[in-house]
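Structure file query_26.cif with mmCIF, C-alpha atoms:
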```cif
data_run
loop_
_atom_site.label_atom_id
_atom_site.label_comp_id
_atom_site.auth_asym_id
_atom_site.auth_seq_id
_atom_site.Cartn_x
_atom_site.Cartn_y
_atom_site.Cartn_z
CA MET A 1 -194.08 62.85 -178.09
CA ASP A 2 -197.86 63.14 -178.04
CA ASP A 3 -197.94 66.75 -176.88
CA GLN A 4 -195.64 68.30 -179.46
CA ALA A 5 -196.30 71.90 -180.18
CA VAL A 6 -197.59 72.84 -183.59
CA ILE A 7 -196.07 75.74 -185.50
CA LYS A 8 -198.60 78.57 -185.55
CA GLU A 9 -198.17 82.15 -186.54
CA SER A 10 -198.91 84.61 -183.77
CA ASN A 11 -201.48 87.35 -184.16
CA GLY A 12 -199.36 89.52 -181.90
CA GLU A 13 -201.50 88.98 -178.82
CA GLU A 14 -200.11 87.03 -175.87
CA GLN A 15 -202.69 84.57 -174.65
CA SER A 16 -202.85 82.95 -171.24
CA GLY A 17 -200.68 79.82 -171.12
CA GLN A 18 -199.12 80.65 -174.50
CA LEU A 19 -195.54 81.60 -175.29
CA VAL A 20 -194.76 83.68 -178.37
CA PHE A 21 -191.13 83.72 -179.51
CA PRO A 22 -189.12 84.43 -182.66
CA THR A 23 -187.28 81.75 -184.61
CA ALA A 24 -184.92 82.08 -187.55
CA ARG A 25 -186.43 79.09 -189.39
CA PHE A 26 -190.17 79.37 -188.63
CA GLY A 27 -190.72 83.08 -187.96
CA GLU A 28 -192.73 84.02 -184.90
CA VAL A 29 -194.14 80.94 -183.18
CA THR A 30 -196.85 80.50 -180.55
CA VAL A 31 -196.77 77.41 -178.36
CA ALA A 32 -198.51 76.27 -175.19
CA ALA A 33 -196.32 77.07 -172.18
CA ASN A 34 -196.77 73.53 -170.89
CA THR A 35 -194.91 72.14 -173.95
CA LEU A 36 -191.55 73.65 -172.97
CA LEU A 37 -188.61 71.33 -172.35
CA HIS A 38 -185.94 72.25 -169.78
CA PHE A 39 -182.33 71.10 -170.11
CA PRO A 40 -180.61 72.03 -166.80
CA ARG A 41 -177.13 71.44 -168.28
CA GLY A 42 -177.94 72.77 -171.75
CA MET A 43 -176.97 70.82 -174.84
CA VAL A 44 -173.48 69.44 -175.43
CA GLY A 45 -171.29 72.39 -176.41
CA LEU A 46 -174.20 74.81 -175.85
CA PRO A 47 -174.59 75.12 -172.07
CA GLU A 48 -176.70 78.28 -172.35
CA ALA A 49 -179.30 76.57 -174.57
CA ARG A 50 -181.63 75.30 -171.86
CA GLN A 51 -185.21 75.85 -173.05
CA PHE A 52 -186.60 74.03 -176.08
CA VAL A 53 -189.90 73.02 -177.60
CA PHE A 54 -190.71 70.27 -180.09
CA LEU A 55 -192.29 71.60 -183.27
CA HIS A 56 -193.82 69.99 -186.31
CA ASP A 57 -195.72 71.47 -189.20
CA GLU A 58 -199.47 71.60 -188.60
CA GLY A 59 -201.15 68.55 -190.07
CA THR A 60 -197.90 66.67 -190.69
CA PRO A 61 -196.75 65.07 -187.46
CA GLY A 62 -194.36 62.24 -188.09
CA PRO A 63 -191.30 60.47 -186.84
CA VAL A 64 -189.09 63.49 -187.59
CA PHE A 65 -189.62 66.86 -185.89
CA TRP A 66 -187.79 69.98 -184.76
CA MET A 67 -186.35 70.73 -181.34
CA GLN A 68 -186.36 74.53 -181.36
CA SER A 69 -184.41 76.58 -178.82
CA ILE A 70 -186.34 79.26 -176.97
CA ASP A 71 -183.03 80.82 -175.85
CA ASP A 72 -181.51 81.19 -179.33
CA PRO A 73 -183.86 81.86 -182.27
CA SER A 74 -181.31 80.48 -184.76
CA LEU A 75 -180.84 77.15 -182.95
CA ALA A 76 -183.07 74.26 -184.05
CA PHE A 77 -182.22 70.57 -184.25
CA LEU A 78 -183.93 68.08 -186.52
CA VAL A 79 -184.62 65.03 -184.32
CA CYS A 80 -186.43 61.70 -184.41
CA GLU A 81 -187.20 58.79 -182.17
CA PRO A 82 -184.67 56.12 -183.16
CA GLU A 83 -186.91 53.03 -182.99
CA PRO A 84 -188.46 53.30 -186.49
CA PHE A 85 -185.02 53.64 -188.07
CA PHE A 86 -182.78 51.72 -185.64
CA PRO A 87 -184.76 48.89 -184.02
CA GLY A 88 -183.05 47.62 -180.91
CA TYR A 89 -181.31 50.93 -180.18
CA GLU A 90 -180.95 51.02 -176.42
CA ILE A 91 -179.14 53.23 -173.97
CA GLU A 92 -178.50 52.96 -170.26
CA LEU A 93 -178.91 56.02 -168.08
CA GLU A 94 -176.29 56.54 -165.42
CA GLU A 95 -177.63 57.09 -161.91
CA ALA A 96 -176.80 60.81 -162.00
CA ASP A 97 -178.78 61.29 -165.22
CA GLN A 98 -181.69 59.25 -163.86
CA ALA A 99 -181.71 61.44 -160.75
CA LEU A 100 -181.52 64.67 -162.80
CA LEU A 101 -184.39 63.53 -165.00
CA CYS A 102 -186.43 62.11 -162.08
CA ILE A 103 -187.33 59.07 -164.17
CA GLU A 104 -189.30 56.62 -162.09
CA GLN A 105 -190.48 54.29 -164.87
CA GLU A 106 -188.89 53.43 -168.21
CA ALA A 107 -192.03 54.57 -170.07
CA GLU A 108 -191.41 58.15 -168.85
CA ALA A 109 -188.22 58.38 -170.92
CA LEU A 110 -188.42 59.70 -174.45
CA VAL A 111 -185.22 59.06 -176.42
CA CYS A 112 -184.46 61.13 -179.52
CA VAL A 113 -181.45 61.36 -181.79
CA LEU A 114 -180.21 64.43 -183.64
CA LEU A 115 -180.19 64.28 -187.43
CA VAL A 116 -177.75 65.84 -189.87
CA VAL A 117 -179.12 66.67 -193.31
CA PRO A 118 -176.43 67.20 -195.94
CA GLU A 119 -176.96 68.90 -199.29
CA ASP A 120 -178.05 65.53 -200.69
CA PRO A 121 -180.90 64.48 -198.35
CA SER A 122 -180.39 60.80 -199.20
CA GLY A 123 -177.31 61.03 -196.96
CA ILE A 124 -179.16 61.97 -193.75
CA THR A 125 -177.37 60.62 -190.68
CA ALA A 126 -178.31 60.20 -187.03
CA ASN A 127 -176.08 60.83 -184.03
CA LEU A 128 -176.66 57.63 -182.06
CA ARG A 129 -173.79 58.39 -179.71
CA GLY A 130 -175.30 61.69 -178.48
CA PRO A 131 -178.99 60.95 -177.80
CA VAL A 132 -181.37 63.31 -176.06
CA VAL A 133 -183.41 61.83 -173.21
CA ILE A 134 -186.50 63.63 -171.90
CA ASN A 135 -188.76 62.81 -168.99
CA ARG A 136 -192.24 62.96 -170.55
CA ARG A 137 -193.82 63.78 -167.18
CA THR A 138 -191.49 66.55 -165.95
CA ARG A 139 -190.33 67.69 -169.44
CA THR A 140 -186.73 67.75 -168.20
CA GLY A 141 -184.07 66.73 -170.70
CA VAL A 142 -180.41 65.90 -171.03
CA GLN A 143 -178.13 65.16 -173.96
CA LEU A 144 -175.90 62.19 -173.28
CA ILE A 145 -172.52 61.26 -174.70
CA LEU A 146 -172.32 57.49 -174.91
CA VAL A 147 -168.89 55.97 -174.39
CA GLY A 148 -167.69 53.13 -176.59
CA GLU A 149 -167.82 52.21 -180.23
CA GLU A 150 -171.24 50.54 -180.28
CA TYR A 151 -173.00 53.53 -181.84
CA SER A 152 -171.91 56.02 -184.49
CA THR A 153 -172.23 59.80 -184.57
CA ARG A 154 -173.12 59.47 -188.27
CA ALA A 155 -175.32 56.42 -188.71
CA PRO A 156 -177.09 56.51 -192.10
CA LEU A 157 -180.78 57.06 -191.46
CA CYS A 158 -181.79 55.14 -194.57
CA GLY A 159 -178.72 53.02 -195.09
CA GLY A 160 -177.50 55.30 -197.87
CA ALA A 161 -180.09 54.39 -200.50
CA ALA A 162 -179.20 55.26 -204.05
CA PRO A 163 -181.97 56.86 -206.15
CA GLY A 164 -184.70 54.30 -206.78
CA GLU A 165 -183.06 51.73 -204.48
CA THR A 166 -184.76 50.31 -201.40
CA VAL A 167 -182.57 49.29 -198.47
CA THR A 168 -183.22 47.98 -195.00
CA GLU A 169 -179.79 48.70 -193.47
CA GLY A 170 -180.06 50.36 -190.06
CA GLY A 171 -183.55 48.97 -189.70
CA ALA A 172 -185.35 51.51 -191.84
CA GLU A 173 -186.68 50.70 -195.25
CA CYS A 174 -186.22 53.79 -197.36
CA SER A 175 -186.60 54.65 -201.00
CA SER A 176 -185.14 57.73 -202.55
#
```

Spell out the structure here as structure tokens.
Amino acid sequence: MDDQAVIKESNGEEQSGQLVFPTARFGEVTVAANTLLHFPRGMVGLPEARQFVFLHDEGTPGPVFWMQSIDDPSLAFLVCEPEPFFPGYEIELEEADQALLCIEQEAEALVCVLLVVPEDPSGITANLRGPVVINRRTRTGVQLILVGEEYSTRAPLCGGAAPGETVTEGGAECSS
């Protein structure tokens, strides 16, 4: 998303249009208030987690970033847009979700998938069955649960590359 917040340390002063909040992973963070994301239903299994912000380290934006909860300082999800890693990944929004998100055009929808990073980072997986969809214009989001066996909850992000091996499984070419 073009308007991701950047992790910045606060100087303790609250500035107009800025939100300062604590996080377990990044310490105290200052973000522009207009970068907040609102999830009316919360996240799956976390109905009280309704306010988030995308964060990335200053100077290192990339395809992978953090979705940090404003409601719970210890809650942060590593997420990415699926297209670079899973070309052809497509979801269909049900009418109720489209209405909740107020999506008028397909380009307004930002689709992200949650990542799981095990002890061995070469085994990173993506939850393709539980994507997050956000309306870029209204900044309203919802986590879906896709029905069926088409997508996995643990799709290898890099096809499970062994050290020094390059693979293209899952669409992403990765070297470890």

message: Could you list, as number ranges by chain, every residue within 7 Å of range 71-77 of chain A, counting all atoms listed in the file and ignoring same-chain residues fewer than 2 positions away?
response: A: 22-24, 49-51, 66-69, 79, 114

message: Please list as a count of residues only every residue within 8 Å of Pro40 in chain A, counting all atoms listed in the file and excluding residues in the same chain fewer than 6 positions away.
response: 4

- request: Would you mind telling me which residue in A:Phe85, A:Pro131, A:Val31, A:Gln98 lies nearest to Ile70 in chain A when using only C-alpha atoms?
  value: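 Nearest to Ile70 in chain A: A:Val31.
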
message: If we draw a sphere of 12 Å around (-188.1, 56.0, -168.5), which residues have at least one atom in it when counting all atoms listed in the file? Please report them as a VMD selection string.
response: chain A and resid 90 to 93 97 to 99 101 to 111 133 to 141

message: Given only C-alpha atoms as the basis, pick out the residue of A:Val64, A:Val20, A:Leu146, A:Leu36 nearest to Glu83 in chain A.
response: A:Val64

message: So that I can check the surroundings of Gly130 in chain A, please list as a ChimeraX atom specification every protein, DNA and RNA residue that reaches within 10 Å of it, counting only C-alpha atoms and ignoring chain neighbours fewer than 5 positions away.
response: /A:43-44,112-114,142-147,151-153

task: State, in Å with one decimal place, the distance from CA of Gly148 in chain A to CA of Cys80 in chain A.
output: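 Computing it gives 22.0 Å between the two atoms.
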
message: Set the distance at 10 Å and use all atoms listed in the file: which residues neighbour Val116 in chain A once local chain neighbours fewer than 5 positions away are removed? I'd like the list as a count of residues only.
response: 14
